[in-house]
Amino acid sequence: MLRLLHIEFIKAFNFKALWYLFLIYILALGLILFGVETFINDVIGEGGRNLPITLPKMSLYAFPLVWHNVTYLSGFFKAFPAIMIIILVTNEYSYKTIKQQVISGLSRNELFFAKISLILATSVIMGLLVGLFGFILGILNTETLAFKTLFEKSQFILVYMFEVFAYCTFGFLIATLVKRSGFAIGVLLLWAYIAEPIINYKLPGNWGDYLPLQSIGNLIRIPNSQLMKIVGIEFQEYISSGDLMIALIYTLLFSSIVWVIYRRSDL
Amino acid sequence: MEILNINQLTKHYGKLTAVNKLNVSIEKGSIYGILGPNGSGKTTTLGMILNVIRPSAGTFTWFANTNQNVNRQKIGAIIETPIFYPYLSGQKNLEIFCRIKRIDNTDIERVLKIVDLYDRRKDTFKTYSLGMKQRLAIAGALLGEPEVLILDEPTNGLDPQGIAEIRNLIIAIAKQGLTIILASHLLDEVQKVCSHVLILKEGKMLISGKVDNILLEPNIFEIKVDEREKLHKLINNTPEITLVQEHNNLFIVNYKNQSNGQELNRFLFENGLVANHLQKQEKSLESYFLDIIEHA
Ligand SMILES: Nc1ncnc2c1ncn2[C@@H]1O[C@H](COP(=O)(O)OP(=O)(O)O)[C@@H](O)[C@H]1O
Ligand SMILES: [Mg+2]
């Protein structure tokens with residue numbers, strides 16, 4: 001597995017477009033994470049003036065709540081790693097290197113697991129990045145730091161890694177079916193931001209929770225806040241095993257389809 | 001020792017049969033040419049024995065051994081055009097090859113020096129000329145000192161100087177005792193480089209054997225009979241006789257090891273066929289091959 005990952009890293013690290021994408025991702029993520037709190041506090045501050053009760057000034061980023069909040073917000077940027085995966089997978093088709101690798105001696109299984117290990121590594125890197133942001137924000141925004149609360153909810157980081165993994169596997173499937181990068185990215189964005197939301201809207205009850213990307217997004221649900229509690233809305237503050245199951249089944253399904261294609265097709 | 005055995009290998013693309021029940025046996029140390037006009041199924045055949053293309057039917061065995069993973073490390077190959085990551089340097093591209101073949105990066109220097117690209121190793125692949133790209137492909141195939149080298153049209157698209165370079169390179173490599181399988185549509189390339197040859201036409205093997213026997217001293221006969229179907233059957237069931245061409249009931253066949261028309265006539269008679277016409281051809285197989293190419 002490490003040997004396969006090394007092969008993927010040689011290809012990825014030297015590909016400039018990927019670095020630009022990664023930099024944009026870091027910038028966008030940082031901007032949102034660091035900016036959103038000030039924004040919300042300003043809005044509440046404005047709106048709160050005319051209310052009979054005084055709204056508490058809130059911090060999204062105090063330990064241990066920071067882990068949930070940060071991973072939830074980062075969830076909106078999952079398309080970035082997925083696009084990076086799509087580019088690396090479709091590159092193999094446009095350069096025909098997928099064929100060359102088999103000619104050089106890689107088995108069909110190794111071809112598949114090389115990309116799976118790449119997705120795994122990407123998910124871990126993205127998770128660590130968000131974890132780093134979370135840690136910094138936590139330090140800056142917690143009034144009294146206590147080691148006990150520091151990592152209390154840090155399992156959200158692990159689940160976030162799985163969320164990215166699942167989403168990238170979906171990207172892997174699209175890339176394998178479509179084979180061309182621009183087209184594949186288009187299909188991903190179209191599905192993620194237009195087609196699935198429409199289907200979700202049309203489906204009765206909570207059937208929409210079983211749609212692929214919705215179920216992956218459900219892993220980390222919208223966090224509770226003081227504000228919401230005042231308004232009387234309660235959100236799920238934990239990871240439910242049901243959500244995990246659905247997302248896991250989709251991940252296995254996507255990767256199995258790709259595996260069968262990798263095994264069977266002429267290259 | 002048998003390096004490769006191909007048995008009834010077949011590939012269909014929809015209605016088209018790109019490779020049709022091919023049987024081949026390749027011995028260690030030979031330079032085996034697969035000669036055929038464009039579209040005759042050479043690349044498809046090589047693709048199948050390299051696991052890139054899934055056969056529709058038939059089997060092949062490398063080194064009389066069925067463990068694919070071990071086998072692949074002993075085979076170096078280039079198919080059609082050189083394929084590399086254009087944004088990576090020659091060196092980095094070969095490092096990927098080394099990881100795939102589970103060997104150390106130190107072998108890169110050796111193969112780059114063989115193909116004379118060592119000085120350009122740090123330049124990205126897309127800056128290479130076609131000849132350099134082809135040479136890098138050969139370097140990649142030589143990594144890890146394989147026992148078998150597979151080359152598909154290695155001189156395609158090169159200028160005369162590049163062609164000469166690559167051919168000399170192949171001959172030099174062959175002297176080191178590697179078994180080479182070379183696909184080409186160029187008769188003179190096969191004649192200059194190969195010890196054995198198999199001629200393909202529309203996916204079917206026309207003839208195979210030593211280059212000297214086949215291309216230089218063929219035993220080509222023209223035959224005419226009334227019972228066409230019966231002759232077809234007889235040819236199909238007789239390994240010594242291969243059909244080269246059939247034109248308006250005129251059969252042109254190669255009768256292996258027999259240069260005597262009487263022998264062939266007796267053989268036909270023993271099998272219940274009377275030839276209306278039987279004549280030894282002075283035309284060489286070479287000219288038939290050129291015919292085939294022209295009509296392709
Ligand atoms: N992927 C494919 N789909 C359909 N037909 C193909 C495909 N690849 C090759 N062919 C056809 O199979 C035949 C043999 O092709 P090929 O093996 O490339 O011949 P050669 O290498 O001898 O020029 C040709 O008629 C070609 O058009
Ligand atoms: Mg070809």
# chains A, B, ... in the order shown; residues from 1 in each chain; ligands from 1
>>> residues_around(residues="Gly217 of chain A", least_positions_apart="2", cutoff="10 Å", atoms="only C-alpha atoms", output="list in words")
Tyr72, Gly75, Phe76, Lys78, Tyr160, Glu163, Val164, Ala166, Tyr167, Asp209, Leu211, Pro212, Leu213, Gln214, Ser215, Leu219, Ile220, Arg221, Ile222, Asp243 and Ala247 of chain A
>>> write_last_selection(atoms="C-alpha atoms", output="PDB file, in the first residue's frame")
ATOM      1  CA  TYR A  72     -19.336  21.225   9.999  1.00  0.00           C
ATOM      2  CA  GLY A  75     -17.990  20.156   5.179  1.00  0.00           C
ATOM      3  CA  PHE A  76     -19.063  22.806   2.679  1.00  0.00           C
ATOM      4  CA  LYS A  78     -15.611  18.818   0.351  1.00  0.00           C
ATOM      5  CA  TYR A 160     -14.700  14.495   8.945  1.00  0.00           C
ATOM      6  CA  GLU A 163     -16.780  12.274   5.205  1.00  0.00           C
ATOM      7  CA  VAL A 164     -14.057  13.476   2.830  1.00  0.00           C
ATOM      8  CA  ALA A 166     -16.730   8.999   1.152  1.00  0.00           C
ATOM      9  CA  TYR A 167     -17.191  12.132  -0.950  1.00  0.00           C
ATOM     10  CA  ASP A 209     -31.474  11.482   3.859  1.00  0.00           C
ATOM     11  CA  LEU A 211     -29.431  10.172  -1.145  1.00  0.00           C
ATOM     12  CA  PRO A 212     -25.679   9.649  -1.544  1.00  0.00           C
ATOM     13  CA  LEU A 213     -24.270  13.106  -0.909  1.00  0.00           C
ATOM     14  CA  GLN A 214     -26.988  14.097   1.555  1.00  0.00           C
ATOM     15  CA  SER A 215     -26.227  11.011   3.618  1.00  0.00           C
ATOM     16  CA  LEU A 219     -22.505  12.564   9.137  1.00  0.00           C
ATOM     17  CA  ILE A 220     -21.740  15.878  10.787  1.00  0.00           C
ATOM     18  CA  ARG A 221     -25.024  17.690  11.305  1.00  0.00           C
ATOM     19  CA  ILE A 222     -25.537  21.389  11.866  1.00  0.00           C
ATOM     20  CA  ASP A 243     -25.759   8.002   9.503  1.00  0.00           C
ATOM     21  CA  ALA A 247     -22.510   6.634   4.278  1.00  0.00           C
TER      22      ALA A 247
END
>>> interface_residues(of="chain B", to="chain A", cutoff="10 Å", atoms="only C-alpha atoms", output="PyMOL selection string")
chain B and resi 46-55+68-79+82-89+92-93+95-102+140-141+143+150
>>> select_by_dssp(residues="segment 26-257 of chain B", states="alpha helix (DSSP H)", output="VMD selection string")
chain B and resid 42 to 49 68 to 72 90 to 100 107 to 114 130 to 142 160 to 175 187 to 193 211 228 to 237
>>> residues_near_ligand(ligand="ligand 2", cutoff="10 Å", atoms="only C-alpha atoms and all ligand atoms", output="list in words")
Gly36, Pro37, Asn38, Gly39, Ser40, Gly41, Lys42, Thr43, Thr44, Thr45, Leu46, Gly47, Ile79, Glu80, Thr81, Asp152, Glu153, Asn156, Ala183, Ser184 and His185 of chain B
>>> atom_distance(atom1="atom CA of Phe183 of chain A", atom2="atom CA of Phe80 of chain A")
15.6 Å
>>> closest_residue(among="B:Ser208, B:Asn65, B:Asn168, B:Asn271", to="Asn23 of chain B", atoms="only C-alpha atoms")
B:Ser208
